[in-house]
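Following: one structure in structure tokens, then a few remarks.
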Amino acid sequence: MRKDGRQVERLQLPFRVAFHISMQSVRIRFWRSVITAAGTVLGIAFLVSVLTAMMIQRNSGAITDPSERYRMTWLVIMSLLVCLVGITNAMLMSVTERYKEIGTMKCLGAYDIFIVELFFIESALVGLIASVIGWFLGVFAVVLIKLFSDGFKVFGWISLGEIFLYLILSIVIGTLLSVIATIIPAQVAARMPAAAALRVEV
Amino acid sequence: MAVQPQTNQTSATGTEYIVRCKDVVKEYMMGTQVVRALNGVTLDIVRGEYLSIMGPSGSGKSTLFNMIGGLDKPTSGSVFINDVDMAQLDAQELAFLRCRTIGYIFQTFNLIPVMTALENVMLPMIFGGLSTDEAIDRGIELLKLVGLGERLHHKPNELSGGQQQRVAIARALANNPQIILADEPTGNLDLRTGKEIIELLRQLNKEQGVTIISATHDLKMVDVSDRIVWIRDGRIDRVEERAAVEVRVGDVEGTPG
């Protein structure tokens, strides 16, 4: 084709179609998605719970130890890293489960980049939903604990504006975390040969 | 969109070859040992014929099939599709070839599980640049052609094996391919459904003029094939025309594989 000087037409996967496939994939493989999401949910819940607890403490007028701040930052970063590895692992398993599907798509003409795109959209979707759940759990847990220890005056120490800011922060960090964790699995998927479609388990 | 270039070179005898394999050798590394899966296969496939590749497992049948389908590259020798050497194509050109020139049918049907029957048939057309409306129209038309006009919006797990294979055939036809490659298309189907699928393939071969190349050890295929290529130990054991085969089915029944 190219050698004969004939122009090769570019194949395409419109975003709308890719988004539809990825969303269906999350829906139908619900439990697999839950496992992937669990990492993000836990990581974000921890981050938000630390932030919320610090906010309540600050607003209650209690004196905070500055070294405590560093310790908590360190813990949050470590927990997010652990989540990253967890999501990567879950996504890698998901890729190996889908070798036949990926191979088939390639037999139908999919470029490597289409496969990468599908996995990224999927992980961004899962990351987004997981972040919101994680945010809710984090806030809910801390408020509940403080309610038990300090009673109803806790509500006076909560700034709703900050809680909302945490939601935005959670979505940004959670989605990013999920997408970064998918870089390697998506590459593994994209390298899957088209011939994988013909493999038959014995 | 669906027009195919018909500018194939013809050989001196006037026969049009759609696929030509020349001294194809394929070696695999198994640990430290070199295993020769194909040992110099030369085979010309005529446009519009129904060809079956038969042979026991481990004979190199699947390897040859993968070479013809652009799924694997030979260690030496060359495979030409429409007189284009497959070894010269880059990844994007291969993807284009798979999308437009070849339709694949698999033993395990391989429908995308998250998509409906219609969406599965539409996917190669979307890749090929058709608008959604055009793809829907052609998808419905193709599903009707394979007898599934009533099951457009069913997911693969809501369809029987035979129905799934029909969807797969419709999908393989999506971009008007010149070749349909069928890998054991009846391997996961019962006798009667398998027969129906074979008849459908034969009908498409006759009506649409699409070349069908099938790797199989289903002897029901023998009845409809124009030619049967028997592979043994990485070489072509013999090639039989249909007329000659029909009388011989009795002997063949007992061979392994």
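Residue numbering restarts at 1 for every chain of the structure tokens, chains are lettered A, B, ... in their displayed order, and ligands are numbered from 1 as they appear.
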Between chain A and chain B, at 8 Å or less, what are the per-residue closest atom pairs and their distances in Å? Count only C-alpha atoms, order by chain and rising residue number, and return it as a Markdown table.
```
| residue | atom | partner | partner_atom | distance |
| --- | --- | --- | --- | --- |
| A:Met1 | CA | B:Glu93 | CA | 7.4 |
| A:Arg2 | CA | B:Leu89 | CA | 7.9 |
| A:Lys3 | CA | B:Gln88 | CA | 7.8 |
| A:Val8 | CA | B:Glu93 | CA | 6.9 |
| A:Glu9 | CA | B:Phe96 | CA | 7.6 |
| A:Arg10 | CA | B:Phe96 | CA | 7.7 |
| A:Leu11 | CA | B:Phe127 | CA | 5.2 |
| A:Gln12 | CA | B:Phe127 | CA | 4.8 |
| A:Leu13 | CA | B:Phe127 | CA | 5.6 |
| A:Pro14 | CA | B:Ile126 | CA | 8.0 |
| A:Ile21 | CA | B:Val114 | CA | 7.0 |
| A:Gln24 | CA | B:Val114 | CA | 5.7 |
| A:Ser25 | CA | B:Val114 | CA | 5.6 |
| A:Ile28 | CA | B:Val114 | CA | 6.5 |
| A:Lys100 | CA | B:Asn110 | CA | 7.0 |
| A:Glu101 | CA | B:Ile112 | CA | 6.0 |
| A:Thr104 | CA | B:Asn110 | CA | 6.5 |
| A:Lys106 | CA | B:Ala95 | CA | 7.0 |
| A:Cys107 | CA | B:Arg98 | CA | 5.7 |
| A:Leu108 | CA | B:Cys99 | CA | 5.0 |
| A:Gly109 | CA | B:Cys99 | CA | 4.2 |
| A:Ala110 | CA | B:Ala95 | CA | 6.4 |
| A:Tyr111 | CA | B:Ala95 | CA | 6.4 |
| A:Pro193 | CA | B:Leu71 | CA | 7.7 |
| A:Ala194 | CA | B:Leu71 | CA | 6.1 |
| A:Ala195 | CA | B:Leu71 | CA | 5.3 |
| A:Ala197 | CA | B:Asn110 | CA | 7.3 |
| A:Leu198 | CA | B:Phe106 | CA | 6.5 |
| A:Val200 | CA | B:Thr108 | CA | 7.7 |
```
Near-segment 115-126 of chain A list (7 Å; only C-alpha atoms; drop same-chain fewer than 6 positions) as a JSON list (two decimals) with C-alpha atoms, in the first residue's frame:
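Saved file around_11.json follows:
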```json
[["chain", "number", "residue", "atom", "x", "y", "z"],
["A", 18, "ALA", "CA", -14.92, 4.42, 22.97],
["A", 19, "PHE", "CA", -16.72, 5.95, 25.94],
["A", 22, "SER", "CA", -15.72, 1.51, 28.31],
["A", 23, "MET", "CA", -18.87, 2.35, 30.26],
["A", 26, "VAL", "CA", -17.43, -1.23, 33.73],
["A", 33, "SER", "CA", -14.58, -2.97, 38.55],
["A", 37, "ALA", "CA", -12.23, 0.75, 42.52],
["A", 175, "THR", "CA", -8.98, 9.90, 38.84],
["A", 178, "SER", "CA", -6.45, 5.43, 38.66],
["A", 179, "VAL", "CA", -5.23, 6.57, 35.23],
["A", 182, "THR", "CA", -3.35, 1.91, 34.26],
["A", 186, "ALA", "CA", -2.77, -0.54, 29.09],
["A", 187, "GLN", "CA", 0.65, -1.02, 27.49],
["A", 189, "ALA", "CA", -2.95, -4.83, 26.56],
["A", 190, "ALA", "CA", -1.86, -2.83, 23.53]]
```
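Near segment 137-152 of chain B, within a cut-off of 7 Å and counting only C-alpha atoms, sit the residues Ala117, Leu118, Val121, Met122, Asp133, Glu134, Arg166, Val167 and Ala170 of chain B, with same-chain residues fewer than 3 positions away left out.
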Next, the residues of the selection above should be written as a PDB file, in the first residue's frame with N, CA, C and O atoms.
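result_29.pdb, written as the output of this step:
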```
ATOM      1  N   ALA B 117     -25.409  -7.505  19.657  1.00  0.00           N
ATOM      2  CA  ALA B 117     -25.148  -8.120  18.352  1.00  0.00           C
ATOM      3  C   ALA B 117     -24.913  -7.032  17.301  1.00  0.00           C
ATOM      4  O   ALA B 117     -23.923  -7.069  16.566  1.00  0.00           O
ATOM      5  N   LEU B 118     -25.808  -6.052  17.280  1.00  0.00           N
ATOM      6  CA  LEU B 118     -25.692  -4.992  16.280  1.00  0.00           C
ATOM      7  C   LEU B 118     -24.404  -4.184  16.466  1.00  0.00           C
ATOM      8  O   LEU B 118     -23.704  -3.889  15.502  1.00  0.00           O
ATOM      9  N   VAL B 121     -21.421  -5.988  15.118  1.00  0.00           N
ATOM     10  CA  VAL B 121     -21.330  -5.937  13.654  1.00  0.00           C
ATOM     11  C   VAL B 121     -20.900  -4.544  13.196  1.00  0.00           C
ATOM     12  O   VAL B 121     -20.192  -4.386  12.204  1.00  0.00           O
ATOM     13  N   MET B 122     -21.313  -3.526  13.955  1.00  0.00           N
ATOM     14  CA  MET B 122     -20.999  -2.146  13.572  1.00  0.00           C
ATOM     15  C   MET B 122     -19.536  -1.772  13.798  1.00  0.00           C
ATOM     16  O   MET B 122     -18.999  -0.905  13.106  1.00  0.00           O
ATOM     17  N   ASP B 133     -25.091   6.149  11.616  1.00  0.00           N
ATOM     18  CA  ASP B 133     -26.339   5.819  10.916  1.00  0.00           C
ATOM     19  C   ASP B 133     -26.103   4.811   9.797  1.00  0.00           C
ATOM     20  O   ASP B 133     -26.840   3.841   9.659  1.00  0.00           O
ATOM     21  N   GLU B 134     -25.043   5.049   9.016  1.00  0.00           N
ATOM     22  CA  GLU B 134     -24.724   4.112   7.929  1.00  0.00           C
ATOM     23  C   GLU B 134     -24.410   2.737   8.490  1.00  0.00           C
ATOM     24  O   GLU B 134     -24.836   1.719   7.959  1.00  0.00           O
ATOM     25  N   ARG B 166     -23.347 -16.738  13.936  1.00  0.00           N
ATOM     26  CA  ARG B 166     -23.980 -15.971  12.852  1.00  0.00           C
ATOM     27  C   ARG B 166     -23.664 -14.483  12.987  1.00  0.00           C
ATOM     28  O   ARG B 166     -23.393 -13.811  11.993  1.00  0.00           O
ATOM     29  N   VAL B 167     -23.710 -13.979  14.219  1.00  0.00           N
ATOM     30  CA  VAL B 167     -23.347 -12.574  14.445  1.00  0.00           C
ATOM     31  C   VAL B 167     -21.892 -12.370  14.011  1.00  0.00           C
ATOM     32  O   VAL B 167     -21.561 -11.398  13.326  1.00  0.00           O
ATOM     33  N   ALA B 170     -21.703 -12.126  10.327  1.00  0.00           N
ATOM     34  CA  ALA B 170     -22.167 -10.801   9.900  1.00  0.00           C
ATOM     35  C   ALA B 170     -21.080  -9.761  10.141  1.00  0.00           C
ATOM     36  O   ALA B 170     -20.822  -8.895   9.307  1.00  0.00           O
TER      37      ALA B 170
END
```
List the spatial neighbours of segment 142-147 of chain A as a PyMOL selection string - criterion: any atom at most 12 Å away, only C-alpha atoms, same-chain residues fewer than 2 positions off excluded. chain A and resi 45-57+60+135-140+149-159+163
Using only C-alpha atoms, which protein or nucleic acid residues come within 6 Å of segment 25-41 of chain B? Drop anything in the same chain fewer than 3 positions from it, and give the result as a tab-separated table (two decimals) with N, CA, C and O atoms, in the first residue's frame.
```tsv
chain	number	residue	atom	x	y	z
B	60	GLY	N	0.87	-27.87	11.97
B	60	GLY	CA	1.28	-26.60	11.37
B	60	GLY	C	0.11	-25.91	10.69
B	60	GLY	O	0.26	-24.84	10.12
B	74	PRO	N	6.27	-14.99	8.65
B	74	PRO	CA	7.12	-16.16	8.42
B	74	PRO	C	8.58	-15.88	8.76
B	74	PRO	O	9.03	-14.74	8.70
B	75	THR	N	9.31	-16.93	9.15
B	75	THR	CA	10.74	-16.81	9.40
B	75	THR	C	11.47	-16.58	8.08
B	75	THR	O	12.37	-15.77	7.98
B	76	SER	N	11.08	-17.35	7.06
B	76	SER	CA	11.57	-17.05	5.71
B	76	SER	C	10.47	-17.40	4.73
B	76	SER	O	9.50	-18.05	5.07
B	234	GLY	N	4.21	-29.88	8.96
B	234	GLY	CA	4.68	-28.59	8.46
B	234	GLY	C	4.79	-28.51	6.94
B	234	GLY	O	5.37	-27.57	6.42
B	235	ARG	N	4.30	-29.51	6.26
B	235	ARG	CA	4.34	-29.48	4.79
B	235	ARG	C	2.96	-29.77	4.24
B	235	ARG	O	2.13	-30.37	4.93
```
For Ala181 of chain A, which of A:Val82, A:Ile44, A:Leu169, A:Ala130 is the closest residue, counting only C-alpha atoms?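 Residue with the minimum atom-to-atom distance to Ala181 of chain A: A:Val82.
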Nearest to Glu49 of chain B, restricted to only C-alpha atoms and choosing among B:Met221, B:Leu189, B:Ile81, B:Ile18, comes out as B:Ile18
